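A.B. asks: Let me give you the structure first, and then I'll get to my questions.
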Amino acid sequence: MSAASKQKNCNNDDDNNNNNNNNNNNNVDVKSQKKTTQNMTTLTRFKGNLSARSSCSNGQMLTAGVCVCVCVCVCVCVSSSAGRPKRLLVYINPFGGKQQGRRVYEQKVSPLFARAGIATHVIVTEYANHARDHLRTQAELDDFDGVVCVGGDGMFSEVVHGLVWRTQSDAGVDHHSPEAELQPCRLRIGIIPAGSTDCICFATVGTNDPVTSALHIIVGDSQPMDVCSVHHNNTFLRYSISLLGYGFYGDVLTDSERKRWMGPARYDFSGTVSYLPARGIMGNPRDRTKCRAGVCVCAECDGEWRTVRGKFLAINAASMSCACPRSPKGLSPAAHLADGTTDLILVRKCSRLDFLRHLLRHTSKDDQFDLAFVDVHRVRRFRFTPRYCQSDSELELDLRENGKRLFSQICRDHPACGCAPAYSSWNCDGEILTHTAIEVGVHCQLIRLFARGIEEPAVFEDFTNPCAI
């Protein structure tokens, strides 16, 4: 064979080898693309069913090992998810609940954040309102994509107060004006449940599982949420996220150790409630349209205030269902998270037995509002004035009608007699307010959570087999 022929054959062999290599590379690329597509499909399925853990029974609950395996997939694909956080400011309450906040974060949450490539700045709080004060004055919020609180409902309240206050201060909004239009917060808030009841987490995610909450944060879910501002005589008192309670719930928090709330005369409070009804909304507090993921609700004011006077055993304002494991339906099962309203529940004077019936319905499937002495209204704003704060002319008119002074009026000047006072206290998300005459306004979608709301079990796939993921 000539040298030219040998050279030609060598060139042909090289071309064949190159072609084979290219085919192999193409096969590798195809396999890689196919694997990436499979991972993305798995992540999409997983993101669509994060809340499946809340719909399964204890025996069907996904194991921690399966969640870790899923997070490997999240680590590969999550970088393509829009809106996911890259740097988080984390506050840990080491004292709340069973004092397991630090352990829960370090063992269950921190490894997941590390796998997802999320940088964190962790602050372990040292005293009450530490997180609130740090967010108000010291935190460099521009350096973060979100704020995470590890603890219970009190810790979440601290973060909300600090973040909302800081946002309004930066925007030049007057906190003390009840009519002020508050600016929405830029940063989303994540809740890692480590408290006693974790009502906020349960009502927004559907379960009190730290791993589920961490995965919602990792994939960058976003759930808007209303916040109520509470004022007294043009002075800001507090923000309310879940429940404002006067009468029973206020006194249980204040005097539970004395058991005085069991007395039948304890909740005979006279006062005036004025409220601004909402119109143009989907549903009402009495229907069965619960707040679920994907529900779009908006509300408008009808501009006309309505007034109710009487004697009440309890006055509650629920901005969410207030559901928890001990009360799966909550105080107002049909309350929505982001419709710009709160459900005002008025429990009028009744017998002790009837009031007990009302309380027991919170733990059953019965309609707790289907009682003659219970009224419920979906409102945008409301005001409450206890009887002893009303004008002298109104009190004088009552005296003429009754022909005598109220016994509780006398006892207020002689506390040593031990009689119940004529007024109660407001319980604002577990904190006692210093004033009873208040004005409350709802600020629609003022904050956003790393969550997506509770999803209906019917939309879930079969997760009884962990291999389904």
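We label chains A, B, ... in the order they appear in the structure tokens, count residues from 1 in each chain, and number ligands from 1 in the order shown.
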Please provide as a count of residues only all residues within 12 Å of Leu89 of chain A, with the sequence filter that same-chain residues fewer than 5 positions apart are discarded (counting only C-alpha atoms).

C.D. replies: 29

A.B. asks: Which parts of segment 101-348 of chain A does DSSP call helix (DSSP H, G or I) when run on the backbone here, written out as a count of residues only?

C.D. replies: 80

A.B. asks: Could you tell me which of A:Gln223, A:Ser157, A:Asn234, A:Ser332 comes closest to Asn316 of chain A if we count only C-alpha atoms?

C.D. replies: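 Nearest to Asn316 of chain A: A:Ser332.
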
A.B. asks: Just give me the gap between atom CA of Val440 of chain A and atom CA of Phe369 of chain A in Å, one decimal is fine.

C.D. replies: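 Between atom CA of Val440 of chain A and atom CA of Phe369 of chain A the gap works out to 22.2 Å.
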
A.B. asks: Of the candidates A:Ile432, A:Val379, A:Cys185, A:Ala335, which one gets nearest to Val164 of chain A if we count only C-alpha atoms?

C.D. replies: A:Cys185

A.B. asks: Of the candidates A:Thr204, A:Thr272, A:Ser319, A:Thr436, which one gets nearest to Ser229 of chain A if we count only C-alpha atoms?

C.D. replies: A:Ser319

A.B. asks: Could you tell me which of A:Asp226, A:Ala203, A:Gly154, A:Phe384 comes closest to Ala334 of chain A if we count only C-alpha atoms?

C.D. replies: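 Counting only C-alpha atoms, the residue closest to Ala334 of chain A is A:Ala203.
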
A.B. asks: Mind the document's chain letters and residue numbers, and return as number ranges by chain the residues of segment 91-276 of chain A that DSSP labels strand (DSSP E or B).

C.D. replies: A: 91-92, 119-124, 146-151, 188-193, 223-231, 236-240, 243-247, 269-276

A.B. asks: Would you mind reading off the distance between atom CA of Cys201 of chain A and atom CA of Trp426 of chain A, one decimal, in Å?

C.D. replies: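 If I compute the distance from atom CA of Cys201 of chain A to atom CA of Trp426 of chain A, I get 22.8 Å.
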
A.B. asks: Using only C-alpha atoms, can you tell me which of A:Ala338, A:Arg380, A:Ala372, A:Arg103 comes closest to Pro224 of chain A?

C.D. replies: A:Ala338

A.B. asks: Using only C-alpha atoms, what does the table of segment 74-174 of chain A residues within 10 Å of segment 235-254 of chain A look like, with each row giving the shortest atom pair and its distance in Å to one decimal, sorted by chain and ascending number, as CSV?

C.D. replies:
```
residue,atom,partner,partner_atom,distance
A:Asp153,CA,A:Ser242,CA,9.4
A:Phe156,CA,A:Ile241,CA,9.4
A:Ser157,CA,A:Ile241,CA,7.6
A:Glu158,CA,A:Tyr239,CA,9.9
A:Val160,CA,A:Tyr239,CA,8.1
A:His161,CA,A:Tyr239,CA,6.7
A:Val164,CA,A:Tyr239,CA,8.9
A:Trp165,CA,A:Tyr239,CA,9.6
A:Asp174,CA,A:Phe236,CA,9.5
```

A.B. asks: Using only C-alpha atoms, pick whichever of A:Cys322, A:Leu346, A:Leu353, A:Met225 has the shortest atom-to-atom distance to Val374 of chain A.

C.D. replies: A:Leu346
